[in-house]
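Trainee: Below: one structure in C-alpha cells.
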Amino acid sequence: MQRKLGYRPALLWNPAVYEYLREAYGADHFSRICDALTRPSTYCCVRANAMQTSTAAVIAELKEFLSSKEAEGTTCYEHPLLKNVVIVPGRGPCDVSYDDEVQKIVMVSRKCAEAVLRGAEVFVPGVLACSEHVDEGDSVAVFARIEVKDSAGKWSNGVTRGTTIPLSDWESSLGGSPYDWFIGKGRAMMSRPTLFRERQGIAVKMTDRIYNLPAFHGILEGGVFLQNLPSIVTAIVLDPQPGERILDMCAAPGGKTTAIASLMNNTGEVIALDRTHNKVLEILSLAKELGLSCIQAFKLDALKSVQVDSDAQSSLALTQPLEKEIQCFMATLGDPPETEVPPTSQYTSKARERKESRRLKNGRGRGQHLGGRVDMIKSFPPNSFDRVLLDAPCSALGLRPRLFAAEETLESLGRHAIYQRRLFDRAVELVKAGGTLVYSTCTINPGENEALVRYALDKYKFLVLVDQVPKIGGPGLVGGTSVYDGRGYREWLKEGEQYLVQRFDPSSPVDTIGFFIAKFQVPATKSANVSGNC
C-alpha cells in the first residue's frame, strides 16, 4: 500500500518567550512566522565572485550542472535588484510516497534534520536510532526526533544512540507524533551494525525530500558563494568604497567580509575579527579561495577591540558589573561542530574512541584548534575605520528551517541584548567622524533589533538613523513591550523610524530567513554628546 507522507511540524517555544513575541507581532502574524520558520526558503541565493567570473558565466554553468543532475526546474536567473546575485529556485513542500511493506525507519537528531531540509544528506553522527533489520541499499523513511524535557527539567531528545525502533512504533510515527517529524525518504548506505560502529560518512542518501533544494558542492569553487539574501543586502547597505578601511567586528564565517571586499574591488583594507581561532582560519581560507587579498583576519574579542588610555579607566570601571556578566554569559557559549581529524595510530583504545565520539557529537573544546596559525592584535585606536559592520551574535531566532525554539528564555534574550549593546558601544568608538555603522542580526526578537536602535539613538545623540539602499526587507516595529524582563530596552522605534530600517520577515513573500538591518551615519564632527542614562 502506498501512502503520502507530508510535513506538518509545530514549533515549540518557551511559554514566556511565546507570549512576548505573540504580543510583539500579533497572534495571526506570529502564527505565520512560526510556520515559516519550520520551512527552508524555497530557493538558493548564490553570490557570483566578480573578481574571478561573471554573472552570465555563473548562470550558464549552473544551468548545465542542474541539467546534468536531471533536477526539476533548472531555471536560474540574476536577482532583479542585486548585481552579481543569482537565484536558483527549489520545490516544496512535497508529498512523498512510501510503501508500507518496507516499514523501515531511521531517526535523526533535530540539527541533522534541519540540515537535511536545507539539502544535506544524513551523516552518521546525526543518526539516533533505526529499525532492527536495516541493510545497505534499503529504502527507509527518515524522521526527526525533537527535544523533550527530561525528569531533571532539561531539554534532550530522550533517545539513546543505537536504539532499535520497534515495528509497532511505525504507525504512531506516521500518525504524527509531536516529537517525530517525517522529513523524507532515502536509501541506507550502511547496514545497522556498521551505522552505529562508524563515526563518520553518509548514513542515508536522500532520494525523496520534503523540500528539494539544489546542492552546489564542488561547483565553481572560488567563483560563487552560497549566501542568504539578507546577508548580501547587509554588505551592500554598508556601501564600502575602494581604498577605505573597513571593520567587520564579528566576521565568521566570512561571507559578509568577502562580500565587502568584492564590493571594494579588492582594494583598501578589510579587517575581520573573531574571538575563536578556528573561525579566523575559516575566514582566511574563504578569502584565499575567493582570491581576495585585501582581507586581514585577527583573533580578538570585539569587546576588547578599542584601545583604552589611562584617562578612560575611571569611566570603564562603571561598566565592569555589566562586563563581568557578559563574560559569564560568553563562557557558556560553545564552539560549533567542526570536521573531525581521524586518529593516526593503528590501534585506538576504547577510552580514546569514547572521547573521539564525544568530540564528534559536541565539537572541539577550547584550545583544540585546527593547527593553522592566526595573527592576534590587541586593539585599535578610536576613530580607526571609515565604516564598521556589527553583525552581532544573537539568539538566531530567524534562522530557518528551525524545528525547536524552546531553549531561549526571556533571561537569555536579555543577556543577548546586553552583549549587543556593549558591542555597539565599541563600534561607535571605532568608526570615524563622517563614517558609517551598520548593525544586523539574524533574529526576529525586537529586543535585539528595534530596541538596540532605540538604545543607540537615545545614548548617542549625534548618530543619525539613515535610509538604506537597496530596500528589499519590510519596515520595523513601532512601540514597545510590557512583557520583557527588564534586562532589555522596552521601547522600540518611534513613528517614521520604522521605514529607515529593514526587517526581513520569514513569512513574507520575499521568503528569507528572519533578519534585521539598521544603518547609522556619524556626522563629520563626532560629538561627545552621550547620554549617561542608557
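Following the order of the C-alpha cells, first chain is A, next is B, and so on, with residues numbered from 1 inside each chain and ligands from 1 in the order they appear.
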Using only C-alpha atoms, which residues sit within 12 Å of A:Met376 once same-chain residues fewer than 2 positions away are excluded, as a PyMOL selection string?

Mentor: chain A and resi 271-277+280-281+296-301+305+373-374+378-380

Trainee: If DSSP is run on the backbone, what residues of stretch 2-235 of chain A are strand (DSSP E)? A reply as JSON, numbers by chain would be ideal.

Mentor: {"A": [2, 3, 4, 5, 43, 44, 45, 46, 47, 48, 77, 78, 85, 86, 87, 88, 89, 96, 97, 98, 99, 105, 106, 107, 108, 109, 122, 123, 127, 128, 129, 130, 131, 139, 140, 141, 142, 143, 144, 145, 148, 149, 155, 156, 163, 164, 165, 180, 181, 182, 183, 184, 185, 186, 187, 188, 202, 203, 204, 205, 206, 207, 208, 209, 224, 225, 226]}

Trainee: Include C-alpha atoms and write out the residues we just selected as a CSV table (one decimal), in the first residue's frame.

Mentor:
```
chain,number,residue,atom,x,y,z
A,2,GLN,CA,1.3,3.4,-1.0
A,3,ARG,CA,0.6,6.4,1.2
A,4,LYS,CA,1.6,10.1,1.0
A,5,LEU,CA,3.7,11.4,3.9
A,43,TYR,CA,15.3,29.0,-3.4
A,44,CYS,CA,19.0,29.2,-3.1
A,45,CYS,CA,20.9,32.5,-3.3
A,46,VAL,CA,24.3,32.5,-5.0
A,47,ARG,CA,26.7,35.4,-5.0
A,48,ALA,CA,29.0,35.5,-8.0
A,77,TYR,CA,18.3,34.0,-13.0
A,78,GLU,CA,20.0,37.2,-11.8
A,85,VAL,CA,23.4,37.6,-7.3
A,86,VAL,CA,21.8,34.5,-8.8
A,87,ILE,CA,18.6,32.9,-7.7
A,88,VAL,CA,18.1,29.2,-8.1
A,89,PRO,CA,14.5,28.1,-7.3
A,96,VAL,CA,6.4,11.8,-0.5
A,97,SER,CA,5.1,8.3,-1.4
A,98,TYR,CA,6.2,5.5,0.8
A,99,ASP,CA,5.4,1.7,0.6
A,105,ILE,CA,12.7,3.9,9.8
A,106,VAL,CA,15.9,6.0,10.6
A,107,MET,CA,15.5,8.5,13.3
A,108,VAL,CA,17.9,11.5,13.3
A,109,SER,CA,18.6,14.4,15.6
A,122,VAL,CA,22.1,12.2,6.6
A,123,PHE,CA,25.6,11.7,8.1
A,127,VAL,CA,21.6,9.2,13.4
A,128,LEU,CA,20.0,8.3,16.8
A,129,ALA,CA,18.1,5.1,16.1
A,130,CYS,CA,16.7,2.9,13.3
A,131,SER,CA,14.7,-0.2,12.7
A,139,SER,CA,14.7,2.2,1.4
A,140,VAL,CA,14.0,4.0,4.7
A,141,ALA,CA,11.7,6.8,6.0
A,142,VAL,CA,13.7,9.5,7.8
A,143,PHE,CA,12.1,11.1,10.9
A,144,ALA,CA,13.4,13.9,13.1
A,145,ARG,CA,13.4,13.5,16.9
A,148,VAL,CA,11.6,17.0,25.1
A,149,LYS,CA,12.0,17.9,28.8
A,155,TRP,CA,15.8,19.5,27.1
A,156,SER,CA,17.0,16.4,25.4
A,163,THR,CA,18.2,2.3,20.0
A,164,THR,CA,16.1,-0.1,17.9
A,165,ILE,CA,12.8,1.2,16.7
A,180,ASP,CA,8.8,12.7,15.5
A,181,TRP,CA,8.5,14.6,12.2
A,182,PHE,CA,8.8,13.0,8.8
A,183,ILE,CA,11.4,14.7,6.6
A,184,GLY,CA,11.8,12.4,3.6
A,185,LYS,CA,12.8,9.1,2.2
A,186,GLY,CA,16.2,7.8,1.4
A,187,ARG,CA,18.5,4.8,0.8
A,188,ALA,CA,20.6,3.4,3.5
A,202,ILE,CA,26.9,9.2,4.8
A,203,ALA,CA,24.4,7.0,6.6
A,204,VAL,CA,21.3,7.8,4.3
A,205,LYS,CA,21.4,9.3,0.8
A,206,MET,CA,18.1,11.1,0.4
A,207,THR,CA,16.0,10.1,-2.6
A,208,ASP,CA,12.7,11.9,-1.9
A,209,ARG,CA,12.7,15.1,0.0
A,224,VAL,CA,30.5,31.6,-6.3
A,225,PHE,CA,29.5,31.7,-2.6
A,226,LEU,CA,26.2,30.4,-1.3
```

Trainee: Using only C-alpha atoms, which protein or nucleic acid residues come within 12 Å of A:Pro214? Drop anything in the same chain fewer than 5 positions from it, and give the result as a compact mmCIF listing (two decimals) with C-alpha atoms, in the first residue's frame.

Mentor:
```txt
# COMPACT_ATOMS: atom_id res chain seq x y z
CA SER A 41 13.43 29.13 1.87
CA THR A 42 12.29 27.64 -1.43
CA TYR A 43 15.26 28.98 -3.38
CA CYS A 44 19.03 29.24 -3.10
CA CYS A 45 20.88 32.54 -3.35
CA VAL A 46 24.32 32.45 -4.98
CA LEU A 62 24.65 26.41 -13.00
CA LYS A 63 22.07 25.60 -15.69
CA PHE A 65 25.05 21.49 -13.74
CA LEU A 66 21.36 21.33 -12.84
CA SER A 67 20.51 19.75 -16.18
CA LYS A 69 21.61 16.23 -12.34
CA GLU A 70 18.21 15.92 -14.03
CA ALA A 71 16.91 18.40 -11.48
CA GLU A 72 13.41 19.68 -11.93
CA GLY A 73 13.14 23.38 -12.62
CA THR A 74 16.65 24.11 -13.92
CA THR A 75 15.92 27.81 -14.31
CA CYS A 76 18.21 30.26 -12.54
CA ILE A 87 18.58 32.94 -7.65
CA VAL A 88 18.10 29.16 -8.07
CA PRO A 89 14.52 28.06 -7.30
CA GLY A 90 13.75 24.83 -5.47
CA ARG A 91 10.49 22.98 -4.72
CA GLY A 92 8.46 22.22 -1.63
CA VAL A 116 18.58 17.64 5.56
CA LEU A 117 15.75 20.11 4.95
CA ARG A 118 18.38 22.52 3.56
CA GLY A 119 19.61 19.89 1.10
CA ALA A 120 22.20 17.81 3.02
CA ARG A 209 12.71 15.09 0.00
CA ILE A 219 30.72 23.69 -8.32
CA LEU A 226 26.16 30.36 -1.31
```

Trainee: Using atom CA of A:Pro381 and atom CA of A:Val306 as the two end points, give the distance in Å to one decimal.

Mentor: 5.9 Å

Trainee: Report as number ranges by chain all protein, DNA and RNA residues lying within 6 Å of A:Asn157, evaluated on only C-alpha atoms, omitting residues in the same chain fewer than 2 positions from it.

Mentor: A: 146-148, 159

Trainee: Those residues you just picked out, can you put them in a file as a PDB file, in the first residue's frame with all heavy atoms?

Mentor:
```pdb
ATOM      1  N   ILE A 146      12.626  15.448  18.015  1.00  0.00           N
ATOM      2  CA  ILE A 146      12.697  16.786  18.588  1.00  0.00           C
ATOM      3  C   ILE A 146      12.834  16.684  20.102  1.00  0.00           C
ATOM      4  O   ILE A 146      12.322  15.762  20.741  1.00  0.00           O
ATOM      5  CB  ILE A 146      11.432  17.596  18.220  1.00  0.00           C
ATOM      6  CG1 ILE A 146      11.196  17.521  16.702  1.00  0.00           C
ATOM      7  CG2 ILE A 146      11.572  19.045  18.659  1.00  0.00           C
ATOM      8  CD1 ILE A 146      12.337  17.997  15.854  1.00  0.00           C
ATOM      9  N   GLU A 147      13.529  17.647  20.701  1.00  0.00           N
ATOM     10  CA  GLU A 147      13.798  17.611  22.127  1.00  0.00           C
ATOM     11  C   GLU A 147      12.524  17.634  22.975  1.00  0.00           C
ATOM     12  O   GLU A 147      11.517  18.251  22.609  1.00  0.00           O
ATOM     13  CB  GLU A 147      14.669  18.808  22.542  1.00  0.00           C
ATOM     14  CG  GLU A 147      16.096  18.740  22.043  1.00  0.00           C
ATOM     15  CD  GLU A 147      16.314  19.343  20.676  1.00  0.00           C
ATOM     16  OE1 GLU A 147      15.351  19.394  19.878  1.00  0.00           O
ATOM     17  OE2 GLU A 147      17.438  19.769  20.391  1.00  0.00           O
ATOM     18  N   VAL A 148      12.603  16.951  24.110  1.00  0.00           N
ATOM     19  CA  VAL A 148      11.557  16.982  25.134  1.00  0.00           C
ATOM     20  C   VAL A 148      12.239  17.236  26.471  1.00  0.00           C
ATOM     21  O   VAL A 148      13.450  17.060  26.616  1.00  0.00           O
ATOM     22  CB  VAL A 148      10.755  15.664  25.175  1.00  0.00           C
ATOM     23  CG1 VAL A 148      10.000  15.446  23.880  1.00  0.00           C
ATOM     24  CG2 VAL A 148      11.680  14.480  25.462  1.00  0.00           C
ATOM     25  N   VAL A 159      16.540   9.897  23.480  1.00  0.00           N
ATOM     26  CA  VAL A 159      16.848   8.661  22.765  1.00  0.00           C
ATOM     27  C   VAL A 159      18.318   8.312  22.980  1.00  0.00           C
ATOM     28  O   VAL A 159      19.194   9.159  22.799  1.00  0.00           O
ATOM     29  CB  VAL A 159      16.569   8.800  21.251  1.00  0.00           C
ATOM     30  CG1 VAL A 159      16.966   7.528  20.508  1.00  0.00           C
ATOM     31  CG2 VAL A 159      15.111   9.116  21.001  1.00  0.00           C
TER      32      VAL A 159
END
```

Trainee: Using only C-alpha atoms, can you tell me which of A:Thr234, A:Ser293, A:Asn228, A:Ser412 comes closest to A:Asp391?

Mentor: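 The answer is A:Thr234, which sits nearest to A:Asp391.
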
Trainee: Leaving out A:Lys526 and any residue of its chain fewer than 3 positions from it, which residues lie within 9 Å of it when counting only C-alpha atoms, given as a short mmCIF file (atom, residue, chain, number, x, y, z; two decimals) with N, CA and C atoms, in the first residue's frame?

Mentor:
```cif
data_model
loop_
_atom_site.label_atom_id
_atom_site.label_comp_id
_atom_site.auth_asym_id
_atom_site.auth_seq_id
_atom_site.Cartn_x
_atom_site.Cartn_y
_atom_site.Cartn_z
N LYS A 432 34.98 56.35 12.35
CA LYS A 432 35.47 57.73 12.23
C LYS A 432 34.31 58.72 12.15
N ALA A 433 34.61 59.97 12.44
CA ALA A 433 33.66 61.04 12.16
C ALA A 433 33.39 61.07 10.66
N GLY A 434 32.12 61.18 10.29
CA GLY A 434 31.75 61.12 8.89
C GLY A 434 31.60 59.71 8.36
N PHE A 462 24.42 62.08 18.56
CA PHE A 462 24.97 62.51 17.27
C PHE A 462 24.70 61.50 16.16
N LEU A 463 24.35 60.27 16.52
CA LEU A 463 24.07 59.27 15.49
C LEU A 463 22.79 59.60 14.74
N VAL A 522 27.52 58.79 11.05
CA VAL A 522 28.20 59.62 12.04
C VAL A 522 28.51 60.97 11.39
N PRO A 523 28.12 62.08 12.01
CA PRO A 523 28.39 63.40 11.42
C PRO A 523 29.88 63.65 11.23
N ASN A 529 28.39 64.23 22.74
CA ASN A 529 27.08 64.26 23.38
C ASN A 529 26.56 62.85 23.55
#
```

Trainee: Write out as a ChimeraX atom specification the residues lying within 6 Å of A:Lys519, counting only C-alpha atoms and excluding same-chain residues fewer than 4 positions away.

Mentor: /A:437-438,465-466

Trainee: Any chance you can output those residues with N, CA and C atoms as a short mmCIF file (atom, residue, chain, number, x, y, z; two decimals), in the first residue's frame?

Mentor:
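As written to disk, out37.cif reads:
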```cif
data_model
loop_
_atom_site.label_atom_id
_atom_site.label_comp_id
_atom_site.auth_asym_id
_atom_site.auth_seq_id
_atom_site.Cartn_x
_atom_site.Cartn_y
_atom_site.Cartn_z
N LEU A 437 28.03 53.17 10.25
CA LEU A 437 27.96 51.98 11.11
C LEU A 437 26.68 51.22 10.75
N VAL A 438 26.83 49.94 10.41
CA VAL A 438 25.67 49.09 10.10
C VAL A 438 25.58 47.99 11.15
N LEU A 465 19.99 57.80 12.18
CA LEU A 465 19.46 56.62 11.52
C LEU A 465 19.09 57.01 10.09
N VAL A 466 19.68 56.33 9.11
CA VAL A 466 19.51 56.75 7.72
C VAL A 466 18.85 55.64 6.89
#
```

Trainee: Let's see if you can do this: from backbone DSSP, list all alpha helix (DSSP H) residues in stretch 69-156 of chain A, as a PyMOL selection string.

Mentor: chain A and resi 110-117

Trainee: Which residues are close to A:Gln52, i.e. within 12 Å by only C-alpha atoms, leaving aside same-chain residues fewer than 3 positions away? Reply as a ChimeraX atom specification.

Mentor: /A:47-49,55,57-58,84,220-225,262,265-266,289-292

Trainee: Could you please take those selected residues and save all heavy atoms as a CSV table (one decimal), in the first residue's frame?

Mentor:
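Printed below is part20.csv as written:
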```csv
chain,number,residue,atom,x,y,z
A,47,ARG,N,26.0,34.2,-4.6
A,47,ARG,CA,26.7,35.4,-5.0
A,47,ARG,C,27.9,35.1,-5.9
A,47,ARG,O,28.8,34.3,-5.5
A,47,ARG,CB,27.2,36.1,-3.7
A,47,ARG,CG,28.1,37.3,-3.9
A,47,ARG,CD,28.3,38.1,-2.6
A,47,ARG,NE,28.8,37.3,-1.5
A,47,ARG,CZ,30.1,37.1,-1.4
A,47,ARG,NH1,31.0,37.6,-2.2
A,47,ARG,NH2,30.6,36.4,-0.3
A,48,ALA,N,27.9,35.7,-7.1
A,48,ALA,CA,29.0,35.5,-8.0
A,48,ALA,C,30.2,36.3,-7.6
A,48,ALA,O,30.0,37.5,-7.2
A,48,ALA,CB,28.5,35.9,-9.4
A,49,ASN,N,31.3,35.7,-7.6
A,49,ASN,CA,32.6,36.4,-7.2
A,49,ASN,C,33.1,37.2,-8.5
A,49,ASN,O,33.7,36.6,-9.4
A,49,ASN,CB,33.6,35.4,-6.7
A,49,ASN,CG,34.9,36.1,-6.4
A,49,ASN,OD1,35.0,37.3,-6.2
A,49,ASN,ND2,36.0,35.3,-6.2
A,55,THR,N,28.4,37.1,-13.8
A,55,THR,CA,27.1,36.6,-13.5
A,55,THR,C,26.6,35.7,-14.7
A,55,THR,O,26.0,34.6,-14.4
A,55,THR,CB,26.1,37.7,-13.2
A,55,THR,OG1,26.7,38.5,-12.2
A,55,THR,CG2,24.8,37.1,-12.8
A,57,ALA,N,28.3,33.9,-16.8
A,57,ALA,CA,29.1,32.7,-16.8
A,57,ALA,C,28.6,31.7,-15.7
A,57,ALA,O,28.4,30.5,-15.9
A,57,ALA,CB,30.6,32.9,-16.6
A,58,VAL,N,28.3,32.3,-14.5
A,58,VAL,CA,27.7,31.5,-13.4
A,58,VAL,C,26.4,30.9,-13.7
A,58,VAL,O,26.1,29.7,-13.5
A,58,VAL,CB,27.6,32.4,-12.1
A,58,VAL,CG1,26.8,31.7,-11.0
A,58,VAL,CG2,29.0,32.8,-11.6
A,84,ASN,N,25.3,40.7,-9.5
A,84,ASN,CA,26.1,39.5,-9.2
A,84,ASN,C,25.5,38.5,-8.2
A,84,ASN,O,26.1,37.8,-7.6
A,84,ASN,CB,27.5,39.9,-8.6
A,84,ASN,CG,28.3,40.7,-9.6
A,84,ASN,OD1,28.2,40.5,-10.8
A,84,ASN,ND2,29.1,41.7,-9.1
A,220,LEU,N,32.0,25.5,-9.3
A,220,LEU,CA,32.5,26.9,-9.4
A,220,LEU,C,33.3,27.3,-8.2
A,220,LEU,O,33.1,28.4,-7.6
A,220,LEU,CB,31.4,27.8,-9.7
A,220,LEU,CG,30.8,27.8,-11.1
A,220,LEU,CD1,29.5,28.6,-11.2
A,220,LEU,CD2,31.8,28.4,-12.1
A,221,GLU,N,34.2,26.5,-7.7
A,221,GLU,CA,34.9,26.8,-6.5
A,221,GLU,C,35.7,28.1,-6.7
A,221,GLU,O,36.5,28.2,-7.7
A,221,GLU,CB,35.8,25.7,-6.1
A,221,GLU,CG,35.1,24.5,-5.5
A,221,GLU,CD,36.0,23.4,-4.9
A,221,GLU,OE1,37.2,23.7,-4.9
A,221,GLU,OE2,35.5,22.3,-4.5
A,222,GLY,N,35.6,29.0,-5.8
A,222,GLY,CA,36.2,30.3,-6.0
A,222,GLY,C,35.4,31.3,-6.8
A,222,GLY,O,35.6,32.5,-6.8
A,223,GLY,N,34.4,30.8,-7.5
A,223,GLY,CA,33.6,31.6,-8.4
A,223,GLY,C,32.3,32.1,-7.8
A,223,GLY,O,31.7,33.1,-8.2
A,224,VAL,N,31.8,31.3,-6.9
A,224,VAL,CA,30.5,31.6,-6.3
A,224,VAL,C,30.5,31.3,-4.8
A,224,VAL,O,31.4,30.6,-4.3
A,224,VAL,CB,29.3,30.8,-6.9
A,224,VAL,CG1,29.2,31.0,-8.3
A,224,VAL,CG2,29.5,29.3,-6.6
A,225,PHE,N,29.6,32.0,-4.0
A,225,PHE,CA,29.5,31.7,-2.6
A,225,PHE,C,28.0,31.7,-2.3
A,225,PHE,O,27.2,32.6,-2.6
A,225,PHE,CB,30.1,32.9,-1.8
A,225,PHE,CG,30.1,32.6,-0.3
A,225,PHE,CD1,30.9,31.7,0.2
A,225,PHE,CD2,29.2,33.3,0.5
A,225,PHE,CE1,30.9,31.5,1.6
A,225,PHE,CE2,29.2,33.1,1.8
A,225,PHE,CZ,30.1,32.2,2.4
A,262,SER,N,34.7,42.3,-2.1
A,262,SER,CA,34.4,42.2,-3.5
A,262,SER,C,33.8,43.6,-4.0
A,262,SER,O,34.1,44.1,-5.1
A,262,SER,CB,33.4,41.1,-3.8
A,262,SER,OG,33.9,39.9,-3.5
A,265,ASN,N,36.3,46.1,-4.8
A,265,ASN,CA,37.2,45.6,-5.9
A,265,ASN,C,38.6,45.2,-5.4
A,265,ASN,O,39.6,45.4,-6.0
A,265,ASN,CB,37.4,46.8,-7.0
A,265,ASN,CG,36.1,47.1,-7.6
A,265,ASN,OD1,35.3,46.2,-7.9
A,265,ASN,ND2,35.9,48.4,-7.9
A,266,ASN,N,38.6,44.6,-4.2
A,266,ASN,CA,39.8,44.1,-3.6
A,266,ASN,C,40.9,45.1,-3.4
A,266,ASN,O,42.1,44.8,-3.4
A,266,ASN,CB,40.4,42.9,-4.4
A,266,ASN,CG,41.3,42.0,-3.6
A,266,ASN,OD1,41.1,41.9,-2.4
A,266,ASN,ND2,42.3,41.4,-4.3
A,289,GLU,N,40.3,31.3,-1.1
A,289,GLU,CA,39.5,30.6,-2.1
A,289,GLU,C,38.9,31.6,-3.1
A,289,GLU,O,38.9,31.3,-4.3
A,289,GLU,CB,38.4,29.8,-1.5
A,289,GLU,CG,37.6,29.1,-2.5
A,289,GLU,CD,36.4,28.3,-1.8
A,289,GLU,OE1,36.6,27.9,-0.6
A,289,GLU,OE2,35.4,28.2,-2.4
A,290,LEU,N,38.5,32.8,-2.6
A,290,LEU,CA,37.8,33.7,-3.5
A,290,LEU,C,38.8,34.7,-4.1
A,290,LEU,O,38.4,35.6,-4.8
A,290,LEU,CB,36.7,34.5,-2.7
A,290,LEU,CG,35.6,33.6,-2.2
A,290,LEU,CD1,34.6,34.5,-1.4
A,290,LEU,CD2,34.9,32.9,-3.3
A,291,GLY,N,40.1,34.6,-3.8
A,291,GLY,CA,41.1,35.4,-4.3
A,291,GLY,C,41.1,36.9,-3.9
A,291,GLY,O,41.4,37.8,-4.6
A,292,LEU,N,40.7,37.1,-2.6
A,292,LEU,CA,40.6,38.4,-2.0
A,292,LEU,C,41.8,38.7,-1.1
A,292,LEU,O,41.8,38.1,0.1
A,292,LEU,CB,39.3,38.5,-1.3
A,292,LEU,CG,38.0,38.4,-2.2
A,292,LEU,CD1,36.8,38.2,-1.4
A,292,LEU,CD2,37.9,39.6,-3.1
```
